[in-house]
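Source file my_file-v4.txt; content: compact mmCIF, C-alpha atoms.
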# COMPACT_ATOMS: atom_id res chain seq x y z
CA MET J 1 0.00 0.00 0.00
CA ASN J 2 1.43 3.36 -1.06
CA ASN J 3 -0.74 5.90 0.76
CA ILE J 4 -3.64 6.39 3.13
CA TYR J 5 -6.36 8.76 1.93
CA LEU J 6 -8.69 10.31 4.49
CA VAL J 7 -11.99 11.33 2.97
CA GLY J 8 -15.20 12.56 4.51
CA PHE J 9 -17.23 15.66 5.06
CA MET J 10 -15.64 18.87 6.28
CA ALA J 11 -14.89 19.06 10.03
CA THR J 12 -14.75 15.29 10.52
CA GLY J 13 -11.09 15.48 11.57
CA LYS J 14 -9.22 14.59 8.39
CA THR J 15 -6.41 17.10 8.89
CA HIS J 16 -5.87 16.63 12.64
CA VAL J 17 -6.10 12.85 12.35
CA GLY J 18 -3.95 12.83 9.22
CA LYS J 19 -1.11 14.76 10.85
CA GLU J 20 -1.08 12.51 13.90
CA LEU J 21 -1.37 9.33 11.82
CA ALA J 22 1.55 10.39 9.62
CA ARG J 23 3.63 11.23 12.69
CA LYS J 24 2.87 7.87 14.29
CA LYS J 25 3.61 5.88 11.10
CA LYS J 26 6.64 8.04 10.28
CA TRP J 27 5.08 8.89 6.91
CA HIS J 28 4.60 12.24 5.20
CA PHE J 29 1.40 14.26 5.62
CA MET J 30 -0.30 16.21 2.84
CA ASP J 31 -3.46 18.27 3.11
CA LEU J 32 -4.72 18.35 -0.46
CA ASP J 33 -6.51 21.67 0.08
CA ASP J 34 -3.24 23.23 1.30
CA LEU J 35 -1.43 21.91 -1.79
CA ILE J 36 -4.13 23.41 -4.02
CA GLU J 37 -3.89 26.78 -2.28
CA LEU J 38 -0.11 26.72 -2.61
CA ARG J 39 -0.19 25.81 -6.32
CA GLN J 40 -2.98 28.30 -7.11
CA ALA J 41 -1.57 31.06 -4.85
CA ARG J 42 -5.08 31.77 -3.52
CA LYS J 43 -7.59 30.45 -1.03
CA ILE J 44 -10.06 27.72 -1.97
CA SER J 45 -12.90 30.07 -1.06
CA ASP J 46 -11.55 32.48 -3.72
CA ILE J 47 -11.40 29.70 -6.32
CA PHE J 48 -15.04 28.81 -5.55
CA ALA J 49 -16.13 32.47 -5.63
CA LYS J 50 -14.30 33.49 -8.80
CA ASP J 51 -14.18 30.30 -10.88
CA GLY J 52 -16.86 28.03 -9.42
CA GLU J 53 -16.94 24.55 -7.98
CA ALA J 54 -16.41 22.78 -11.33
CA CYS J 55 -13.09 24.58 -11.82
CA PHE J 56 -12.04 23.75 -8.28
CA ARG J 57 -12.85 20.04 -8.82
CA ARG J 58 -10.59 19.96 -11.91
CA ILE J 59 -7.74 21.54 -9.93
CA GLU J 60 -8.39 19.08 -7.09
CA ASN J 61 -8.17 16.10 -9.47
CA LYS J 62 -4.84 17.32 -10.81
CA ALA J 63 -3.46 17.76 -7.26
CA LEU J 64 -4.64 14.26 -6.31
CA LYS J 65 -2.85 12.75 -9.31
CA GLU J 66 0.33 14.53 -8.23
CA VAL J 67 0.17 13.18 -4.67
CA ALA J 68 -0.94 9.69 -5.76
CA GLY J 69 2.41 9.27 -7.48
CA GLN J 70 4.13 9.44 -4.09
CA LYS J 71 4.59 6.74 -1.43
CA LYS J 72 4.07 6.71 2.33
CA PHE J 73 1.78 9.72 2.39
CA VAL J 74 -1.23 10.27 4.61
CA VAL J 75 -3.47 12.53 2.53
CA ALA J 76 -6.28 14.61 3.99
CA CYS J 77 -8.67 15.15 1.09
CA GLY J 78 -11.31 17.81 0.62
CA GLY J 79 -14.86 16.81 1.51
CA GLY J 80 -16.11 16.67 -2.08
CA ILE J 81 -13.22 14.77 -3.67
CA VAL J 82 -15.30 11.58 -3.70
CA ILE J 83 -17.86 13.05 -6.11
CA ASN J 84 -15.54 12.39 -9.06
CA PRO J 85 -15.37 8.60 -9.70
CA GLU J 86 -11.90 9.02 -11.20
CA ASN J 87 -10.65 10.33 -7.85
CA ILE J 88 -11.97 7.26 -6.03
CA LYS J 89 -10.29 5.02 -8.60
CA ILE J 90 -6.95 6.85 -8.23
CA MET J 91 -7.06 6.62 -4.44
CA LYS J 92 -8.01 2.92 -4.38
CA GLU J 93 -5.28 2.05 -6.90
CA THR J 94 -2.60 3.85 -4.90
CA GLY J 95 -3.64 3.25 -1.30
CA MET J 96 -6.38 2.74 1.25
CA VAL J 97 -9.38 5.06 1.48
CA ILE J 98 -10.73 5.72 4.95
CA CYS J 99 -13.85 7.80 5.42
CA LEU J 100 -14.14 9.86 8.58
CA SER J 101 -17.69 10.82 9.49
CA ALA J 102 -19.48 12.79 12.20
CA SER J 103 -23.04 13.76 13.03
CA PRO J 104 -24.43 16.96 11.45
CA GLU J 105 -24.53 18.58 14.91
CA VAL J 106 -20.86 17.82 15.54
CA ILE J 107 -19.89 19.04 12.05
CA LEU J 108 -21.77 22.31 12.59
CA LYS J 109 -20.14 22.82 15.99
CA ARG J 110 -16.64 22.06 14.67
CA SER J 111 -17.01 24.24 11.55
CA SER J 112 -18.86 27.22 13.06
CA SER J 113 -15.65 29.04 13.97
CA SER J 114 -14.42 29.14 10.37
CA ASN J 115 -15.51 31.32 7.47
CA ALA J 116 -13.29 29.31 5.11
CA ARG J 117 -16.05 26.78 4.37
CA PRO J 118 -17.54 28.07 1.10
CA LEU J 119 -20.26 25.41 0.93
CA LEU J 120 -21.56 26.47 4.37
CA ASN J 121 -21.76 30.20 3.66
CA VAL J 122 -25.57 29.94 3.46
CA THR J 123 -28.47 31.09 5.64
CA ASP J 124 -29.11 27.63 7.15
CA PRO J 125 -25.77 25.80 7.43
CA GLU J 126 -27.17 22.88 9.45
CA ARG J 127 -29.71 22.12 6.72
CA GLN J 128 -26.95 22.47 4.11
CA ILE J 129 -24.79 19.97 6.04
CA GLU J 130 -27.65 17.46 6.22
CA LEU J 131 -28.36 17.86 2.49
CA LEU J 132 -24.73 17.49 1.46
CA LEU J 133 -24.26 14.47 3.73
CA LYS J 134 -27.24 12.75 2.09
CA LEU J 135 -26.01 13.59 -1.40
CA ARG J 136 -22.47 12.40 -0.70
CA ALA J 137 -23.36 9.30 1.35
CA PRO J 138 -23.18 6.90 -1.64
CA TYR J 139 -19.76 8.30 -2.57
CA TYR J 140 -18.38 8.10 0.98
CA ALA J 141 -19.68 4.52 1.15
CA ARG J 142 -17.10 3.56 -1.49
CA ALA J 143 -14.27 4.02 1.02
CA ASP J 144 -12.46 0.89 2.16
CA LYS J 145 -13.28 1.61 5.82
CA SER J 146 -15.29 4.19 7.79
CA ILE J 147 -14.89 5.67 11.27
CA ASP J 148 -17.37 7.93 13.06
CA THR J 149 -15.27 10.59 14.82
CA SER J 150 -18.18 12.29 16.61
CA ARG J 151 -17.26 10.98 20.06
CA LEU J 152 -13.62 10.01 19.57
CA SER J 153 -10.38 11.84 20.26
CA VAL J 154 -7.78 12.24 17.52
CA LYS J 155 -5.65 9.59 19.25
CA GLU J 156 -8.57 7.13 19.34
CA VAL J 157 -9.25 7.62 15.62
CA VAL J 158 -5.55 7.19 14.77
CA ASP J 159 -5.39 3.99 16.82
CA LYS J 160 -8.44 2.63 14.97
CA ILE J 161 -6.89 3.44 11.58
CA ILE J 162 -3.60 1.77 12.49
CA LYS J 163 -5.54 -1.40 13.34
CA LEU J 164 -7.34 -1.22 9.97
CA VAL J 165 -4.23 -0.73 7.83
CA PRO J 166 -2.75 -3.99 6.57
CA LYS J 167 0.71 -4.77 7.92
CA LYS J 168 3.60 -5.06 5.47
CA LYS J 169 4.46 -8.61 4.50
Rewrite the structure from the file as structure tokens, please.
Amino acid sequence: MNNIYLVGFMATGKTHVGKELARKKKWHFMDLDDLIELRQARKISDIFAKDGEACFRRIENKALKEVAGQKKFVVACGGGIVINPENIKIMKETGMVICLSASPEVILKRSSSSNARPLLNVTDPERQIELLLKLRAPYYARADKSIDTSRLSVKEVVDKIIKLVPKKK
């Protein structure tokens, strides 16, 4: 297995868990959104606002292909990466896909302190979360494994992932 890809809705812990998992495994960590912002020299919210979601998804696919060529990376992916079937295929061919989930209430609580969530800049963010979770559920279900992070610490999630990852032979 080359990499571990953490997918799931925003605020489910992909970045925090990813950093700790990479540290514990002595692998590299990559936040795909950070890579995109670095390559584009602008915030994701600006890409969404100026160029739209479709443009962002193309940029995201290109960044994923770049990272998928690496080995021993824990990759925290953006919440919508799973919408593109090609992205799922790339991740499954080059590693293990683990979906982190959380309840809508927990997601709202965790994301309420940030304005950098373009898909939640709406009048009723809780309703938007519920809608997006329903729409994305079939895509998230394609992950190799899933972990609900609602009531777990970062350490507990990392320990669960380590148990799920096949040992080298």
Work out how far apart atom CA of J:Ile161 and atom CA of J:Leu131 are and give it in Å to one decimal.
27.4 Å
Quick one: residues within 12 Å of (-19.3, 8.6, 11.8) (file frame), counting all atoms listed in the file, please, as a VMD selection string.
chain J and resid 7 to 9 11 to 13 98 to 107 133 137 140 to 141 145 to 152 157
Edge lengths and centre in Å to one decimal, as JSON, is what I'm after for the box along x, y and z that holds all listed atoms of stretch 36-49 of chain J once 8 Å is added on each side.
{"center_x": -8.1, "center_y": 27.9, "center_z": -4.1, "size_x": 32.0, "size_y": 25.1, "size_z": 22.1}
Length of the atom CA of J:Glu130 to atom CA of J:Ala49 vector [Å]
22.3 Å
Stretch 14-27 of chain J surroundings by all atoms listed in the file, 8 Å radius, close-in-sequence under 6 positions cut, as a list in words
Leu6, Val7, Gly8, Lys72, Phe73, Val74, Val75, Ala76, Cys77, Leu100, Val154, Lys155, Val157, Val158 and Ile162 of chain J
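Counting only C-alpha atoms and comparing J:Cys55, J:Met30, J:Ala68, J:Ile83, the residue that lies closest to J:Leu132 is J:Ile83.
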Applying 10 Å and all atoms listed in the file, which residues near stretch 89-94 of chain J remain after dropping the ones on its own chain fewer than 2 positions away? List them as a ChimeraX atom specification.
/J:1-6,61,64-65,67-71,75,82,84-87,96-97,142-144
Near J:Arg39, counting only C-alpha atoms, which residues have an atom at most 12 Å away, once you skip same-chain residues fewer than 6 positions from it, shown as number ranges by chain?
J: 32-33, 47, 59-60, 62-63, 66
For J:Pro166, which residue out of J:Gly95, J:Gln40, J:His28, J:Ile88 is the nearest one, using all atoms listed in the file?
J:Gly95
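A straight line drawn from atom CA of J:Gln128 to atom CA of J:Glu156 is 28.4 Å long.
If you measure from each of J:Tyr139, J:Asp159, J:Leu108, J:Ala54 to J:Arg127 using all atoms listed in the file, the closest one turns out to be J:Leu108.
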Could I see stretch 77-112 of chain J restored to N, CA and C atoms, set down as a PDB file, in the coordinates of the input?
ATOM      1  N   CYS J  77      -8.021  14.684   2.309  1.00  0.00           N
ATOM      2  CA  CYS J  77      -8.670  15.150   1.090  1.00  0.00           C
ATOM      3  C   CYS J  77      -9.826  16.090   1.411  1.00  0.00           C
ATOM      4  N   GLY J  78     -10.165  16.933   0.460  1.00  0.00           N
ATOM      5  CA  GLY J  78     -11.310  17.810   0.620  1.00  0.00           C
ATOM      6  C   GLY J  78     -12.597  16.987   0.657  1.00  0.00           C
ATOM      7  N   GLY J  79     -13.609  17.532   1.294  1.00  0.00           N
ATOM      8  CA  GLY J  79     -14.860  16.810   1.510  1.00  0.00           C
ATOM      9  C   GLY J  79     -15.570  16.327   0.255  1.00  0.00           C
ATOM     10  N   GLY J  80     -15.398  17.031  -0.860  1.00  0.00           N
ATOM     11  CA  GLY J  80     -16.110  16.670  -2.080  1.00  0.00           C
ATOM     12  C   GLY J  80     -15.295  15.874  -3.086  1.00  0.00           C
ATOM     13  N   ILE J  81     -14.096  15.483  -2.724  1.00  0.00           N
ATOM     14  CA  ILE J  81     -13.220  14.770  -3.670  1.00  0.00           C
ATOM     15  C   ILE J  81     -13.858  13.487  -4.184  1.00  0.00           C
ATOM     16  N   VAL J  82     -14.700  12.877  -3.355  1.00  0.00           N
ATOM     17  CA  VAL J  82     -15.300  11.580  -3.700  1.00  0.00           C
ATOM     18  C   VAL J  82     -16.367  11.670  -4.792  1.00  0.00           C
ATOM     19  N   ILE J  83     -16.804  12.877  -5.110  1.00  0.00           N
ATOM     20  CA  ILE J  83     -17.860  13.050  -6.110  1.00  0.00           C
ATOM     21  C   ILE J  83     -17.388  12.594  -7.495  1.00  0.00           C
ATOM     22  N   ASN J  84     -16.111  12.777  -7.768  1.00  0.00           N
ATOM     23  CA  ASN J  84     -15.540  12.390  -9.060  1.00  0.00           C
ATOM     24  C   ASN J  84     -15.090  10.920  -8.976  1.00  0.00           C
ATOM     25  N   PRO J  85     -15.736  10.019  -9.747  1.00  0.00           N
ATOM     26  CA  PRO J  85     -15.370   8.600  -9.700  1.00  0.00           C
ATOM     27  C   PRO J  85     -13.897   8.342 -10.037  1.00  0.00           C
ATOM     28  N   GLU J  86     -13.321   9.183 -10.867  1.00  0.00           N
ATOM     29  CA  GLU J  86     -11.900   9.020 -11.200  1.00  0.00           C
ATOM     30  C   GLU J  86     -11.033   9.193  -9.958  1.00  0.00           C
ATOM     31  N   ASN J  87     -11.421  10.109  -9.082  1.00  0.00           N
ATOM     32  CA  ASN J  87     -10.650  10.330  -7.850  1.00  0.00           C
ATOM     33  C   ASN J  87     -10.675   9.094  -6.962  1.00  0.00           C
ATOM     34  N   ILE J  88     -11.846   8.484  -6.828  1.00  0.00           N
ATOM     35  CA  ILE J  88     -11.970   7.260  -6.030  1.00  0.00           C
ATOM     36  C   ILE J  88     -11.060   6.174  -6.608  1.00  0.00           C
ATOM     37  N   LYS J  89     -11.097   6.035  -7.921  1.00  0.00           N
ATOM     38  CA  LYS J  89     -10.290   5.020  -8.600  1.00  0.00           C
ATOM     39  C   LYS J  89      -8.794   5.260  -8.341  1.00  0.00           C
ATOM     40  N   ILE J  90      -8.362   6.504  -8.467  1.00  0.00           N
ATOM     41  CA  ILE J  90      -6.950   6.850  -8.230  1.00  0.00           C
ATOM     42  C   ILE J  90      -6.549   6.493  -6.803  1.00  0.00           C
ATOM     43  N   MET J  91      -7.395   6.870  -5.841  1.00  0.00           N
ATOM     44  CA  MET J  91      -7.060   6.620  -4.440  1.00  0.00           C
ATOM     45  C   MET J  91      -7.010   5.123  -4.131  1.00  0.00           C
ATOM     46  N   LYS J  92      -7.973   4.370  -4.652  1.00  0.00           N
ATOM     47  CA  LYS J  92      -8.010   2.920  -4.380  1.00  0.00           C
ATOM     48  C   LYS J  92      -6.839   2.195  -5.047  1.00  0.00           C
ATOM     49  N   GLU J  93      -6.408   2.680  -6.201  1.00  0.00           N
ATOM     50  CA  GLU J  93      -5.280   2.050  -6.900  1.00  0.00           C
ATOM     51  C   GLU J  93      -3.943   2.341  -6.227  1.00  0.00           C
ATOM     52  N   THR J  94      -3.882   3.436  -5.466  1.00  0.00           N
ATOM     53  CA  THR J  94      -2.600   3.850  -4.900  1.00  0.00           C
ATOM     54  C   THR J  94      -2.596   3.852  -3.368  1.00  0.00           C
ATOM     55  N   GLY J  95      -3.626   3.290  -2.760  1.00  0.00           N
ATOM     56  CA  GLY J  95      -3.640   3.250  -1.300  1.00  0.00           C
ATOM     57  C   GLY J  95      -4.964   2.775  -0.736  1.00  0.00           C
ATOM     58  N   MET J  96      -5.157   3.088   0.533  1.00  0.00           N
ATOM     59  CA  MET J  96      -6.380   2.740   1.250  1.00  0.00           C
ATOM     60  C   MET J  96      -7.175   4.004   1.498  1.00  0.00           C
ATOM     61  N   VAL J  97      -8.492   3.908   1.296  1.00  0.00           N
ATOM     62  CA  VAL J  97      -9.380   5.060   1.480  1.00  0.00           C
ATOM     63  C   VAL J  97     -10.172   4.855   2.760  1.00  0.00           C
ATOM     64  N   ILE J  98     -10.016   5.792   3.683  1.00  0.00           N
ATOM     65  CA  ILE J  98     -10.730   5.720   4.950  1.00  0.00           C
ATOM     66  C   ILE J  98     -11.615   6.950   5.075  1.00  0.00           C
ATOM     67  N   CYS J  99     -12.894   6.711   5.289  1.00  0.00           N
ATOM     68  CA  CYS J  99     -13.850   7.800   5.420  1.00  0.00           C
ATOM     69  C   CYS J  99     -14.052   8.131   6.899  1.00  0.00           C
ATOM     70  N   LEU J 100     -13.838   9.382   7.243  1.00  0.00           N
ATOM     71  CA  LEU J 100     -14.140   9.860   8.580  1.00  0.00           C
ATOM     72  C   LEU J 100     -15.498  10.551   8.519  1.00  0.00           C
ATOM     73  N   SER J 101     -16.353  10.225   9.474  1.00  0.00           N
ATOM     74  CA  SER J 101     -17.690  10.820   9.490  1.00  0.00           C
ATOM     75  C   SER J 101     -17.965  11.423  10.860  1.00  0.00           C
ATOM     76  N   ALA J 102     -19.026  12.208  10.940  1.00  0.00           N
ATOM     77  CA  ALA J 102     -19.480  12.790  12.200  1.00  0.00           C
ATOM     78  C   ALA J 102     -20.935  13.183  12.010  1.00  0.00           C
ATOM     79  N   SER J 103     -21.631  13.358  13.095  1.00  0.00           N
ATOM     80  CA  SER J 103     -23.040  13.760  13.030  1.00  0.00           C
ATOM     81  C   SER J 103     -23.133  15.209  12.528  1.00  0.00           C
ATOM     82  N   PRO J 104     -24.256  15.578  11.911  1.00  0.00           N
ATOM     83  CA  PRO J 104     -24.430  16.960  11.450  1.00  0.00           C
ATOM     84  C   PRO J 104     -24.221  17.985  12.569  1.00  0.00           C
ATOM     85  N   GLU J 105     -24.681  17.657  13.777  1.00  0.00           N
ATOM     86  CA  GLU J 105     -24.530  18.580  14.910  1.00  0.00           C
ATOM     87  C   GLU J 105     -23.054  18.808  15.246  1.00  0.00           C
ATOM     88  N   VAL J 106     -22.285  17.721  15.245  1.00  0.00           N
ATOM     89  CA  VAL J 106     -20.860  17.820  15.540  1.00  0.00           C
ATOM     90  C   VAL J 106     -20.145  18.596  14.429  1.00  0.00           C
ATOM     91  N   ILE J 107     -20.496  18.325  13.188  1.00  0.00           N
ATOM     92  CA  ILE J 107     -19.890  19.040  12.050  1.00  0.00           C
ATOM     93  C   ILE J 107     -20.167  20.535  12.165  1.00  0.00           C
ATOM     94  N   LEU J 108     -21.413  20.895  12.467  1.00  0.00           N
ATOM     95  CA  LEU J 108     -21.770  22.310  12.590  1.00  0.00           C
ATOM     96  C   LEU J 108     -20.972  22.959  13.716  1.00  0.00           C
ATOM     97  N   LYS J 109     -20.877  22.283  14.838  1.00  0.00           N
ATOM     98  CA  LYS J 109     -20.140  22.820  15.990  1.00  0.00           C
ATOM     99  C   LYS J 109     -18.664  23.017  15.639  1.00  0.00           C
ATOM    100  N   ARG J 110     -18.063  22.002  15.008  1.00  0.00           N
ATOM    101  CA  ARG J 110     -16.640  22.060  14.670  1.00  0.00           C
ATOM    102  C   ARG J 110     -16.342  23.112  13.599  1.00  0.00           C
ATOM    103  N   SER J 111     -17.280  23.334  12.679  1.00  0.00           N
ATOM    104  CA  SER J 111     -17.010  24.240  11.550  1.00  0.00           C
ATOM    105  C   SER J 111     -17.521  25.661  11.777  1.00  0.00           C
ATOM    106  N   SER J 112     -18.237  25.900  12.855  1.00  0.00           N
ATOM    107  CA  SER J 112     -18.860  27.220  13.060  1.00  0.00           C
ATOM    108  C   SER J 112     -17.852  28.337  13.295  1.00  0.00           C
TER     109      SER J 112
END
